[in-house]
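Some notes on the structure that comes next.
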Amino acid sequence: MIEKLIIQNLQKAIKELYNHDVANNLLQVQKTRTEFVGDITIVVFPLLKISRSNPEQTATAIGDYMIKHVDDIEDYNIIKGFLNLSISDNYWKDFFVNNKSNKYFGSKEVDDNNPVVIEYSSPNTNKPLHLGHIRNNLLGWSVAEILKNNGTNVKKVNLVNDRGIHICKSMLAWKLWGNNTTPESENIKGDKFVGDYYVLFDKNNKEQIAKLVSNGVDKDEASKNTDLLKEAKSMLVKWERDDSEIRDLWTKMNSWVYSGMNATYERMGVDFNKIYYESDTYLLGKSLVEEGLTKGIFFKKEDGSVWCDLTDEGLDEKLLLRADGTSVYMTQDLGTAQLRYDDYTPSELVYVVGNEQNYHFDVLKIILKKLGKSWAEHITHLSYGMVELPHGKMKSREGTVVDADDLMDEMYNTAKSTSEELGKFNDISKEEAHNLYNMLSLGALKYFILKVDPRKTMTFNPEESIDFNGNTGPFIQYTHARIRSVLRKAEEQGLSMDITKEIIPQLDPKEKDLLKLLYEYPVITEQAANAMSPATIAGFAYDLAKEYNQFYHDLTILKEEDPNHRSFRIALSAFVATTLKSAMGLLGISVPERM
RNA sequence: GGUCCAGUAGCUCAGCUGGAUAGAGCAGCAGCCUUCUAAGCUGCGGGUCACAGGUUCGAGUCCUGUCUGGAUCACCA
């Protein structure tokens with residue numbers, strides 16, 4: 001790392017020149033902006049207080065010192081208070097030969113420390129996955145991958161919400177109107193099959209509400225008192241009592257849902273180390289509430305309900321147990337957090353959950369801290385914004401949901417028709433073409449979603465997202481395919497890409513730009529891991545692909561006259577290809593050999 | 001009303017712990033396929049970084065206030 005070397009020498013320089021120690025925050029070393037000459041820039045403004053002279057004099061003194069003491073610094077120039085240092089070709093060449101065939105370039109070996117546990121997906125079993133889940137799943141999976149790549153031991157877990165009134169609604173609707181049909185008999189994916197009954201319940205329930213209202217019942221009152229809802233509630237009670245008929249039905253319907261959801265997960269390319277089921281864990285947490293009561297952290301109201309007073313933290317009072325002693329969401333989550341801790345003693349507990357639950361997680365952390373759980377400090381809520389559609393919001397109640405499978409189908413079809421229009425895959429087998437359409441459509445979708453900062457609510461425009469131009473997954477995939485094509489042809493022609501530092505010619509600016517970008521990859525992956533940000537990786541991959549495309553268009557790599565130069569450019573291309581592949585892999589996007 | 005988050009080109013988004021003339025893509029216009037894949041490349045136009053103050057050598061970035069949008073403050077999960 002040349003930056004470190006420069007910082008060390010900068011410290012020494014200031015000591016020698018001005019006889020002064022400097023605080024680290026005054027040592028500002030950054031890469032030089034492309035429009036200026038040089039590679040690394042030292043900002044001298046902060047040092048003026050120490051040097052007690054003007055920016056030019058200070059920069060000149062430091063620049064001279066650097067040239068004298070750091071071998072790889074050849075030259076410098078000064079613009080205002082910026083000292084731009086030029087690094088020798090030699091340094092870049094060394095970097096290139098040392099890393100070009102390093103399989104682990106930009107990644108670290110996974111340690112066996114306490115794992116980071118990352119929970120994501122967390123579906124309900126009454127509805128298929130939709131666009132919001134896609135963002136969740138892609139984020140969770142990618143963040144896990146980025147952390148692993150950075151040497152962190154990671155466990156991916158999923159908490160399936162498989163019980164509750166919503167499941168009972170689907171169950172009841174199927175019992176009433178399902179006529180013993182099954183997903184197989186109707187030839188429908190299991191999760192959709194069950195979801196359809198949930199919708200059917202809702203539709204009929206609304207009719208019953210309307211009827212009650214027209215009979216003069218208050219609307220709130222009516223929505224709580226339909227026959228359907230009462231029946232569903234009684235099913236829930238029976239479920240909790242372990243009623244065998246209800247339990248059997250529940251098991252059957254959930255199994256349909258799982259087979260459907262697993263297919264969607266598989267298609268999306270996400271997976272888990274462990275799946276938790278709420279039916280197993282929903283009673284946890286009550287003992288924590290007891291603990292809090294005895295410690296005097298929680299209090300009981302007259303009706304018997306248990307609360308935690310958070311007004312000191314600027315929040316409200318939070319209910320933890322209902323008057324009838326049953327638990328609420330927070331109680332369960334306290335319990336599952338404890339369970340997660342007991343199972344893994346994680347170094348960090350990450351929840352990928354939408355930002356509508358920010359408050360919930362603030363409260364969760366505070367309560368755990370009050371209970372004396374020091375590990376609550378290590379809970380991270382990886383909060384992401386809602387996915388909106390051009391015309392409205394993405395909420396399941398409002399009926400404008402985009403189903404995850406449908407969306408992937410749509411992307412697939414567009415990939416197919418676009419490719420056919422361009423006459424891309426005329427000469428390959430149907431099966432190969434199918435794989436490519438899959439790769440491209442998923443690449444487009446994943447890249448489009450992951451390139452956006454998770455915190456922001458994003459607009460998903462299905463039409464624009466399938467635009468394969470510009471800053472998109474397919475653009476990067478295309479770049480990779482072209483490089484692979486060059487490499488194939490080089491191999492066919494028996495061209496050498498075996499290269500040593502000695503035979504690399506002088507670097508031209510384009511080559512240097514590419515090398516500088518590649519050089520950043522290890523730093524980028526580390527940054528991305530610290531910030532848990534796939535968007536950082538996506539930005540890098542795009543920059544690299546774009547830079548390579550410009551390089552590619554300026555040159556005819558295979559026809560280069562100087563064999564050394566040709567070998568170097570081929571090898572450089574190969575280095576770019578593997579780096580692109582690795583970066584895209586962190587986003588869960590595979591990259592084709594040809595397209 | 002309280003709390004949290006966001007506001008950057010017509011649109012979708014970048015902008016690392018404060019640094020140089022705020023960047024891409026899309027859309028628009030103009031060029032480039034006898035040369036390794038044109039899903040590409042090159043050029044042009046497009047901005048009071050919501051607004052107003054402040055902090056300092058220097059602010060899209062930090063602080064305060066205002067405006068706008070969203071989320072949340074349930075004995076729902």
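Naming scheme: A, B, ... for chains in displayed order of the structure tokens; residues 1 onward per chain; ligands 1 onward as shown.
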task: Just need the residues of chain B within 7 Å of chain A, counting only C-alpha atoms (C1' of nucleotides), so spit them out as a PyMOL selection string.
output: chain B and resi 6+13+25+36-37+39+41+57+71-72+75+77
query: Hey, what does DSSP flag as helix (DSSP H, G or I) within region 13-82 of chain A? Can you give it to me as a ChimeraX atom specification?
result: /A:13-18,24-26,45-51,55-69
query: Which residues come within 12 Å of Leu371 (chain A), counting only C-alpha atoms (C1' of nucleotides), excluding same-chain residues fewer than 5 positions away, as a PyMOL selection string?
result: chain A and resi 285+287-298+308+334+338+364-366+376
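For Arg135 (chain A), the non-local neighbours within 8 Å, defined as residues at least 6 positions apart in the same chain or in other chains and counting only C-alpha atoms (C1' of nucleotides), are A:Val387, A:Ile449, A:Leu450.
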message: Taking 3 positions as the minimum chain separation for residues in the same chain, which residues sit within 12 Å of U64 (chain B) when counting only C-alpha atoms (C1' of nucleotides)? Answer as JSON, numbers by chain.
response: {"B": [52, 53, 54, 55]}
query: DSSP on the backbone: what in region 66-293 of chain A comes out strand (DSSP E), as a list of chain:residue names?
result: A:Ile73, A:Glu74, A:Asp75, A:Tyr76, A:Asn77, A:Ile78, A:Ile79, A:Phe82, A:Leu83, A:Asn84, A:Leu85, A:Ser86, A:Ile87, A:Val116, A:Val117, A:Ile118, A:Glu119, A:Val154, A:Lys155, A:Lys156, A:Val157, A:Asn158, A:Leu159, A:Val160, A:Lys274, A:Ile275, A:Tyr276, A:Tyr277
Once you have the residues from the selection above, write them out as a compact mmCIF listing (two decimals), in the first residue's frame, restricted to N, CA, C and O atoms.
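Dumped to out.txt:
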```txt
# COMPACT_ATOMS: atom_id res chain seq x y z
N ILE A 73 8.24 7.32 -5.84
CA ILE A 73 7.71 8.63 -6.23
C ILE A 73 8.73 9.32 -7.11
O ILE A 73 9.88 9.51 -6.75
N GLU A 74 8.26 9.66 -8.30
CA GLU A 74 9.17 10.15 -9.32
C GLU A 74 9.11 11.65 -9.50
O GLU A 74 10.07 12.27 -9.89
N ASP A 75 7.93 12.18 -9.26
CA ASP A 75 7.74 13.56 -9.66
C ASP A 75 6.60 14.14 -8.84
O ASP A 75 5.84 13.40 -8.22
N TYR A 76 6.51 15.44 -8.85
CA TYR A 76 5.34 16.05 -8.21
C TYR A 76 5.00 17.36 -8.90
O TYR A 76 5.83 17.94 -9.60
N ASN A 77 3.75 17.78 -8.70
CA ASN A 77 3.37 19.12 -9.13
C ASN A 77 2.45 19.71 -8.09
O ASN A 77 1.84 18.98 -7.30
N ILE A 78 2.39 21.02 -8.08
CA ILE A 78 1.61 21.70 -7.04
C ILE A 78 0.56 22.57 -7.69
O ILE A 78 0.86 23.37 -8.58
N ILE A 79 -0.67 22.37 -7.28
CA ILE A 79 -1.74 23.25 -7.73
C ILE A 79 -2.44 23.75 -6.49
O ILE A 79 -2.98 22.96 -5.70
N PHE A 82 -2.55 21.76 -3.21
CA PHE A 82 -2.55 20.32 -3.43
C PHE A 82 -1.23 19.86 -4.02
O PHE A 82 -0.79 20.36 -5.05
N LEU A 83 -0.62 18.93 -3.35
CA LEU A 83 0.65 18.38 -3.81
C LEU A 83 0.37 17.03 -4.47
O LEU A 83 0.00 16.06 -3.81
N ASN A 84 0.51 17.01 -5.81
CA ASN A 84 0.22 15.77 -6.54
C ASN A 84 1.50 15.00 -6.80
O ASN A 84 2.41 15.48 -7.47
N LEU A 85 1.55 13.80 -6.29
CA LEU A 85 2.74 12.97 -6.44
C LEU A 85 2.52 11.97 -7.57
O LEU A 85 1.44 11.40 -7.70
N SER A 86 3.53 11.79 -8.37
CA SER A 86 3.45 10.79 -9.44
C SER A 86 4.21 9.55 -9.04
O SER A 86 5.35 9.62 -8.61
N ILE A 87 3.54 8.42 -9.20
CA ILE A 87 4.15 7.15 -8.82
C ILE A 87 4.75 6.50 -10.05
O ILE A 87 4.17 6.59 -11.15
N VAL A 116 -20.79 -13.20 12.43
CA VAL A 116 -21.81 -12.18 12.26
C VAL A 116 -23.06 -12.91 11.80
O VAL A 116 -23.01 -13.63 10.80
N VAL A 117 -24.12 -12.79 12.55
CA VAL A 117 -25.36 -13.44 12.17
C VAL A 117 -26.23 -12.42 11.46
O VAL A 117 -26.47 -11.33 11.98
N ILE A 118 -26.65 -12.77 10.28
CA ILE A 118 -27.45 -11.83 9.52
C ILE A 118 -28.79 -12.45 9.17
O ILE A 118 -28.86 -13.48 8.52
N GLU A 119 -29.83 -11.82 9.69
CA GLU A 119 -31.18 -12.32 9.44
C GLU A 119 -31.80 -11.52 8.32
O GLU A 119 -31.80 -10.29 8.35
N VAL A 154 -19.69 -15.63 8.66
CA VAL A 154 -21.06 -15.14 8.56
C VAL A 154 -22.05 -16.29 8.61
O VAL A 154 -21.82 -17.35 8.03
N LYS A 155 -23.13 -16.10 9.33
CA LYS A 155 -24.24 -17.07 9.30
C LYS A 155 -25.49 -16.35 8.83
O LYS A 155 -25.89 -15.33 9.40
N LYS A 156 -26.10 -16.91 7.79
CA LYS A 156 -27.33 -16.32 7.27
C LYS A 156 -28.51 -17.07 7.87
O LYS A 156 -28.57 -18.29 7.80
N VAL A 157 -29.41 -16.33 8.46
CA VAL A 157 -30.59 -17.00 9.02
C VAL A 157 -31.87 -16.34 8.54
O VAL A 157 -31.89 -15.17 8.15
N ASN A 158 -32.92 -17.11 8.60
CA ASN A 158 -34.23 -16.66 8.15
C ASN A 158 -35.22 -16.98 9.25
O ASN A 158 -35.17 -18.07 9.83
N LEU A 159 -36.07 -16.03 9.58
CA LEU A 159 -37.10 -16.29 10.57
C LEU A 159 -38.44 -16.26 9.86
O LEU A 159 -38.92 -15.20 9.46
N VAL A 160 -39.02 -17.44 9.69
CA VAL A 160 -40.25 -17.54 8.93
C VAL A 160 -41.45 -17.33 9.84
O VAL A 160 -41.61 -18.01 10.86
N LYS A 274 -29.51 -21.32 8.39
CA LYS A 274 -30.47 -21.87 9.33
C LYS A 274 -31.80 -21.15 9.18
O LYS A 274 -31.84 -19.95 8.96
N ILE A 275 -32.87 -21.91 9.30
CA ILE A 275 -34.20 -21.31 9.23
C ILE A 275 -34.89 -21.47 10.57
O ILE A 275 -34.98 -22.58 11.10
N TYR A 276 -35.30 -20.37 11.12
CA TYR A 276 -36.08 -20.40 12.36
C TYR A 276 -37.55 -20.27 12.01
O TYR A 276 -37.90 -19.59 11.04
N TYR A 277 -38.39 -20.92 12.80
CA TYR A 277 -39.84 -20.80 12.57
C TYR A 277 -40.47 -20.14 13.78
O TYR A 277 -40.19 -20.51 14.92
```
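Proximity of B:G19, B:G7, B:G31, B:G43 to G69 (chain B), computed with only C-alpha atoms (C1' of nucleotides), is greatest for B:G7.
Atom pair CA of Trp375 (chain A) / CA of Asp309 (chain A): separated by 21.1 Å.
The neighbours of Val353 (chain A) here are the residues that come within 10 Å of it, using only C-alpha atoms (C1' of nucleotides) and leaving out any residue fewer than 2 positions away in the same chain; they are A:Glu119, A:Tyr120, A:Ser121, A:Ser122, A:His133, A:Asn136, A:Asn137, A:Gly140, A:Val350, A:Tyr351, A:Asn355, A:Glu356, A:Gln357, A:Asn358, A:Phe361, A:His381, A:Leu382, A:Ser383, A:Tyr384, A:Gly385.
The shell of residues at most 9 Å from Asp405 (chain A), with only C-alpha atoms (C1' of nucleotides) counted and near chain neighbours (fewer than 4 positions) removed, consists of Pro128, Leu129, His130, Thr264, Arg267, Asp409 and Glu410 of chain A.
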statement: Expressed in Å, the length from CA of Thr60 (chain A) to CA of Tyr18 (chain A) is 13.5 Å
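Nearest residue to Asp112 (chain A) among A:Leu283, A:Leu176, A:Pro346, A:Thr579 is A:Pro346, counting only C-alpha atoms.
Note that CA of His20 (chain A) and CA of Ile2 (chain A) are 23.2 Å apart.
Nearest residue to G47 (chain B) among B:C11, B:C4, B:C16, B:A22 is B:A22, counting only C-alpha atoms (C1' of nucleotides).
Nearest residue to A74 (chain B) among A:Ile246, A:Lys318, A:Leu131, A:Gly269 is A:Lys318, counting only C-alpha atoms (C1' of nucleotides).
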